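Student: Below you will find the structure I want to go over with you.
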Amino acid sequence: MTKQSWAASIPSDASPKYIALADAIGRAIEAGDLKPGDRLPTNRELSQLFSVTIATVTKGMAVASRRGLITAQVGNGTFVADRSAPRHEIEAMDLSLNVVPQTAVSGELSRLLDTLNASAVHDSLFGYGSYAPSDAHSRLAVEWMRSFGVDAKGARPLLTTGVHQGLLASFLALLKPGESAVCEDLTYTGIRRIAGFRDVRLQGVALDHEGILPDHLEERLKKGNARVVVLTPTLHNPTTATMSLERRRAVARLCRKYDAYLVEDGVNMPIAGELHPPVASFIPDRAILLTGYSKCVASGFRLGYAIVPAQLQQAFLEGLVSMQWTGPHLYSKLAENMLREGFIGQFAAAHRAEASLRYELARQYLPNIRAVDKHAYHAWVDCRTRATADNFAIQALRRGVKVSPAAHFAVAADGSSATSGYRISLGSCADRDALERALIALGSIDENRSPASATLI
């Protein structure tokens, strides 16, 4: 490798320099100037060769490594990778799963579990029982929900084994096979699975940065036969759209006007610290509100609450029991203890802070990331077209990173939607260093470059 060949392949005005360095390695390999097994200069030598800092070289080599261009051997140096051989050692970093990082509260959770003495875990927790919480648990849960804008005073929430079970119970209570429901034209994939299981047709409504457009919703309700609306007004999955107070009132008015029931997925309200009231609060007699702990404690902490109108409670409860004969008693006991001791608020605050830090990190590498006022562990990156988003996802996978393009969430059978882009999970990496490695790989992608010409790994 000569200075002349490398200098010609790295423009002096290239920005950022570390991406240009990785690009140059790729071009040199494609041109045959660098061959599998060739040893590269040390980072210090490269920094002197191209008049850049060692930190810049380190970042550039990290990008090249994620692209599968180079391999490092401890004590021997860095070498051009043999890309003709299977690369079983490369495991894709999965930013497609919307989970919370266990590390954010793992220490506190472990200490909490250690405090549970034998008397707290007794036979009744493993016997049959109802989905109704104890009086004490109910009061604590209602008080907790008030902290993120839900006024459930006087209500007695039902327990669910997570919000997903609550969604399925809502479909069972409100919809018959062959009927239709309205939702965002990009929606949580679990809703699509539930609709398929229940043989319910989903009708998508276009979104903007505040969620569904009221005019489009009214058009659906006026012209269609759907009388159930399923929405995520706070930190919508996948786009992070959050409805303003005015938008929430407008949606509630339309549900009332067209005699439609609302199923509100409030799973992200606790981590958002949402202070706007839920849409359900404006039409409590026509709305099921669901929330829980999977986004503010741990993904596997499968306990949720459902606030259900009196006339629907029996049908909703029958839906719960048809899925799981007994309620989530062990999780209920844990949650009651955590609520009483104030741990839930601490966990939510810790996740809120961590999600904010991870979002700010993502902003450094993804200029088209959608701006948000409140944070969760998923983010949305806008793209010009669906094809652009699909192309980006393909290139990302070839660099060892999985993301979820809009088509993955689309209600329309052909994968189309009014919004183009892709979702990334900020919580699937154990720590911010691992997340940054994935973001560096994503930041190196030219979304306008066709997959056929993208670097393969």
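Order determines the names: the first chain of the structure tokens is A, the second B, and so forth; residues in each chain are numbered 1 upward, and ligands are numbered 1 upward as they are shown.
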If we count only C-alpha atoms, what is near Gly300 (chain A) at a cut-off of 10 Å, once residues fewer than 2 positions away on the same chain are taken out, given as a list of chain:residue names?

Tutor: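 Answer for this query is A:Val99, A:Val100, A:Gln102, A:Gly162, A:Tyr293, A:Ser294, A:Lys295, A:Val297, A:Ala298, A:Arg302, A:Leu303.
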
Student: Pick the closest to Pro36 (chain A) from A:Thr291, A:Ile70, A:Ala20, A:Ala315: which is it, counting only C-alpha atoms?

Tutor: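 Once distances to Pro36 (chain A) are computed over only C-alpha atoms, the minimum belongs to A:Ile70.
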
Student: So that I can check the secondary structure, give me every residue of region 247-303 of chain A assigned helix (DSSP H, G or I) by backbone DSSP, as a list in words.

Tutor: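 The helix (DSSP H, G or I) residues within region 247-303 of chain A come out as Arg247, Arg248, Arg249, Ala250, Val251, Ala252, Arg253, Leu254, Cys255, Arg256, Lys257, Met269, Pro270, Ile271, Ala272, Val279, Ala280, Ser281, Phe282, Pro284, Asp285 and Arg286 of chain A.
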
Student: Write a file of the selected residues as a compact mmCIF listing (two decimals), in the first residue's frame, keeping N, CA and C atoms.

Tutor:
```
# COMPACT_ATOMS: atom_id res chain seq x y z
N ARG A 247 -55.27 17.32 19.16
CA ARG A 247 -55.47 16.15 18.31
C ARG A 247 -56.22 15.05 19.08
N ARG A 248 -55.87 14.89 20.34
CA ARG A 248 -56.55 13.87 21.16
C ARG A 248 -58.04 14.17 21.28
N ARG A 249 -58.34 15.43 21.52
CA ARG A 249 -59.76 15.81 21.63
C ARG A 249 -60.49 15.60 20.31
N ALA A 250 -59.81 15.91 19.21
CA ALA A 250 -60.44 15.74 17.89
C ALA A 250 -60.75 14.27 17.62
N VAL A 251 -59.81 13.39 17.96
CA VAL A 251 -60.03 11.95 17.76
C VAL A 251 -61.18 11.46 18.64
N ALA A 252 -61.22 11.94 19.89
CA ALA A 252 -62.31 11.54 20.79
C ALA A 252 -63.66 11.99 20.25
N ARG A 253 -63.71 13.22 19.73
CA ARG A 253 -64.98 13.72 19.17
C ARG A 253 -65.45 12.85 18.01
N LEU A 254 -64.52 12.42 17.17
CA LEU A 254 -64.89 11.60 16.03
C LEU A 254 -65.39 10.22 16.48
N CYS A 255 -64.74 9.66 17.47
CA CYS A 255 -65.22 8.37 17.98
C CYS A 255 -66.64 8.51 18.53
N ARG A 256 -66.88 9.60 19.24
CA ARG A 256 -68.22 9.85 19.78
C ARG A 256 -69.23 10.07 18.65
N LYS A 257 -68.83 10.88 17.67
CA LYS A 257 -69.74 11.23 16.57
C LYS A 257 -70.18 10.00 15.79
N MET A 269 -46.62 5.37 27.65
CA MET A 269 -46.93 6.52 28.50
C MET A 269 -46.06 6.60 29.75
N PRO A 270 -45.77 5.48 30.43
CA PRO A 270 -44.95 5.58 31.65
C PRO A 270 -43.54 6.10 31.39
N ILE A 271 -42.88 5.62 30.33
CA ILE A 271 -41.51 6.08 30.08
C ILE A 271 -41.52 7.51 29.54
N ALA A 272 -42.58 7.87 28.82
CA ALA A 272 -42.66 9.24 28.29
C ALA A 272 -42.92 10.23 29.41
N VAL A 279 -56.49 9.77 25.17
CA VAL A 279 -57.72 10.00 24.41
C VAL A 279 -58.90 9.35 25.13
N ALA A 280 -58.65 8.22 25.75
CA ALA A 280 -59.71 7.49 26.44
C ALA A 280 -60.37 8.31 27.53
N SER A 281 -59.64 9.27 28.11
CA SER A 281 -60.21 10.05 29.21
C SER A 281 -61.36 10.94 28.75
N PHE A 282 -61.42 11.26 27.45
CA PHE A 282 -62.49 12.11 26.93
C PHE A 282 -63.75 11.31 26.58
N PRO A 284 -64.62 7.95 28.25
CA PRO A 284 -64.38 6.77 29.09
C PRO A 284 -65.41 5.67 28.92
N ASP A 285 -66.61 6.02 28.48
CA ASP A 285 -67.64 5.00 28.29
C ASP A 285 -67.50 4.26 26.96
N ARG A 286 -66.56 4.72 26.11
CA ARG A 286 -66.39 4.10 24.80
C ARG A 286 -64.93 3.76 24.53
```

Student: Please list as a VMD selection string every residue within 8 Å of Gly26 (chain A), counting only C-alpha atoms and excluding residues in the same chain fewer than 4 positions away.

Tutor: chain A and resid 22 30 64 69 455

Student: I need the chosen residues saved as a compact mmCIF listing (two decimals), in the first residue's frame, with C-alpha atoms.

Tutor:
```
# COMPACT_ATOMS: atom_id res chain seq x y z
CA ALA A 22 -13.48 3.01 5.27
CA GLU A 30 -12.64 -3.95 -5.20
CA ALA A 64 -14.47 -1.07 7.86
CA LEU A 69 -13.65 -5.53 4.99
CA THR A 455 -20.56 -3.51 0.04
```

Student: Could you give me, as a Markdown table, every region 211-249 of chain A residue with an atom at most 8 Å from region 366-390 of chain A, plus its closest atom pair and distance in Å to one decimal, counting only C-alpha atoms, rows ordered by chain then number?

Tutor:
```
| residue | atom | partner | partner_atom | distance |
| --- | --- | --- | --- | --- |
| A:Leu235 | CA | A:Ala376 | CA | 7.1 |
| A:Asn237 | CA | A:His378 | CA | 7.9 |
| A:Pro238 | CA | A:Trp380 | CA | 6.7 |
| A:Thr239 | CA | A:Trp380 | CA | 5.1 |
| A:Thr240 | CA | A:Ala379 | CA | 6.3 |
| A:Ala241 | CA | A:Val372 | CA | 7.9 |
```

Student: How would the residues just chosen look if you wrote them out with C-alpha atoms as a short mmCIF file (atom, residue, chain, number, x, y, z; two decimals), in the first residue's frame?

Tutor:
```cif
data_model
loop_
_atom_site.label_atom_id
_atom_site.label_comp_id
_atom_site.auth_asym_id
_atom_site.auth_seq_id
_atom_site.Cartn_x
_atom_site.Cartn_y
_atom_site.Cartn_z
CA LEU A 235 -44.75 7.63 21.14
CA ASN A 237 -44.79 2.50 17.34
CA PRO A 238 -43.04 2.73 14.93
CA THR A 239 -42.92 6.47 14.13
CA THR A 240 -42.66 8.02 17.66
CA ALA A 241 -45.51 10.42 16.76
#
```

Student: Near Leu202 (chain A), within 10 Å and counting only C-alpha atoms, which residues show up once chain neighbours fewer than 4 positions away are dropped, as a PyMOL selection string?

Tutor: chain A and resi 179-185+191-192+195-196+226+228-230+411-412

Student: Just give me the gap between CA of Tyr359 (chain A) and CA of Tyr305 (chain A) in Å, one decimal is fine.

Tutor: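 So the two atoms, CA of Tyr359 (chain A) and CA of Tyr305 (chain A), lie 27.9 Å apart.
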
Student: For Ile212 (chain A), work out the shell of residues within 10 Å, counting only C-alpha atoms and skipping chain neighbours fewer than 2 positions away, then give it as a ChimeraX atom specification.

Tutor: /A:183-186,204-210,214-217,231-233,236,241-243,247-248,251

Student: Under the rule that only C-alpha atoms are counted, which of A:Arg39, A:Arg111, A:His164, A:Arg340 is the nearest residue to Glu143 (chain A)?

Tutor: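 Once distances to Glu143 (chain A) are computed over only C-alpha atoms, the minimum belongs to A:Arg340.
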
Student: What is the distance, in Å and to one decimal place, between CA of Ala441 (chain A) and CA of Leu49 (chain A)?

Tutor: 24.0 Å

Student: Find the residue from A:Lys59, A:His408, A:Arg363, A:Arg432 that sits nearest to Tyr18 (chain A); use only C-alpha atoms when measuring.

Tutor: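 Nearest to Tyr18 (chain A): A:Lys59.
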
Student: Give the answer as one residue: which of A:Asp33, A:Asp94, A:Asp135, A:Glu45 has the shortest atom-to-atom distance to Val80 (chain A), using only C-alpha atoms?

Tutor: A:Asp33

Student: Need to verify the contact set: region 165-170 of chain A, 8 Å, only C-alpha atoms, exclusion of same-chain residues closer than 5 positions in sequence. Can you return it as a list in words?

Tutor: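 Here the answer would be Thr160, Ile191, Ile194, Val263, Asp265, Ile288, Leu290, Gly304, Tyr305, Ala306, Phe316, Leu317, Glu318, Gly319 and Leu320 of chain A.
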
Student: Could you pull out all residues of region 106-329 of chain A with a DSSP call of strand (DSSP E or B) and give them as a PyMOL selection string?

Tutor: chain A and resi 158-160+180-184+186+201-205+207-208+211-212+228-231+261-265+287-292+304-307

Student: Can you write out the residues you just picked, keeping C-alpha atoms, as a compact mmCIF listing (two decimals), in the first residue's frame?

Tutor:
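And here's out_15.txt as it stands now:
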```txt
# COMPACT_ATOMS: atom_id res chain seq x y z
CA LEU A 158 -58.04 -5.36 35.40
CA LEU A 159 -54.69 -7.13 35.29
CA THR A 160 -53.28 -8.36 31.99
CA SER A 180 -63.11 -4.11 10.39
CA ALA A 181 -61.06 -1.90 12.68
CA VAL A 182 -59.29 1.39 11.95
CA CYS A 183 -55.67 1.96 12.99
CA GLU A 184 -52.61 3.92 11.89
CA LEU A 186 -48.16 1.91 10.09
CA ARG A 201 -59.69 -6.43 8.50
CA LEU A 202 -57.50 -3.44 9.36
CA GLN A 203 -58.11 -0.12 7.62
CA GLY A 204 -55.12 2.21 7.77
CA VAL A 205 -55.22 5.96 8.38
CA LEU A 207 -50.12 9.81 9.95
CA ASP A 208 -48.18 13.00 10.44
CA GLY A 211 -50.25 10.62 14.71
CA ILE A 212 -53.37 9.91 12.68
CA VAL A 228 -63.46 0.20 16.43
CA VAL A 229 -60.39 2.48 16.39
CA VAL A 230 -57.04 1.13 17.64
CA LEU A 231 -54.39 3.79 18.32
CA TYR A 261 -65.09 2.30 20.37
CA LEU A 262 -61.46 3.22 21.02
CA VAL A 263 -58.70 0.81 22.04
CA GLU A 264 -55.79 2.94 23.28
CA ASP A 265 -52.34 1.39 23.56
CA ALA A 287 -62.70 3.38 25.36
CA ILE A 288 -60.40 0.64 26.63
CA LEU A 289 -57.09 2.02 27.93
CA LEU A 290 -54.09 -0.30 28.21
CA THR A 291 -50.72 0.30 29.83
CA GLY A 292 -48.04 -1.72 31.60
CA GLY A 304 -50.33 -4.60 32.41
CA TYR A 305 -53.52 -2.83 33.36
CA ALA A 306 -56.76 -2.38 31.46
CA ILE A 307 -59.33 0.29 32.24
```

Student: For a test of reading the model, state the distance in Å between CA of Arg198 (chain A) and CA of Lys223 (chain A), rounded to one decimal.

Tutor: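 Computed distance, CA of Arg198 (chain A) to CA of Lys223 (chain A), equals 22.8 Å.
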
Student: From the list A:Ile440, A:Leu339, A:Ala353, A:Leu435, which residue is nearest Met93 (chain A) when using only C-alpha atoms?

Tutor: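 Closest to Met93 (chain A), using only C-alpha atoms: A:Leu435.
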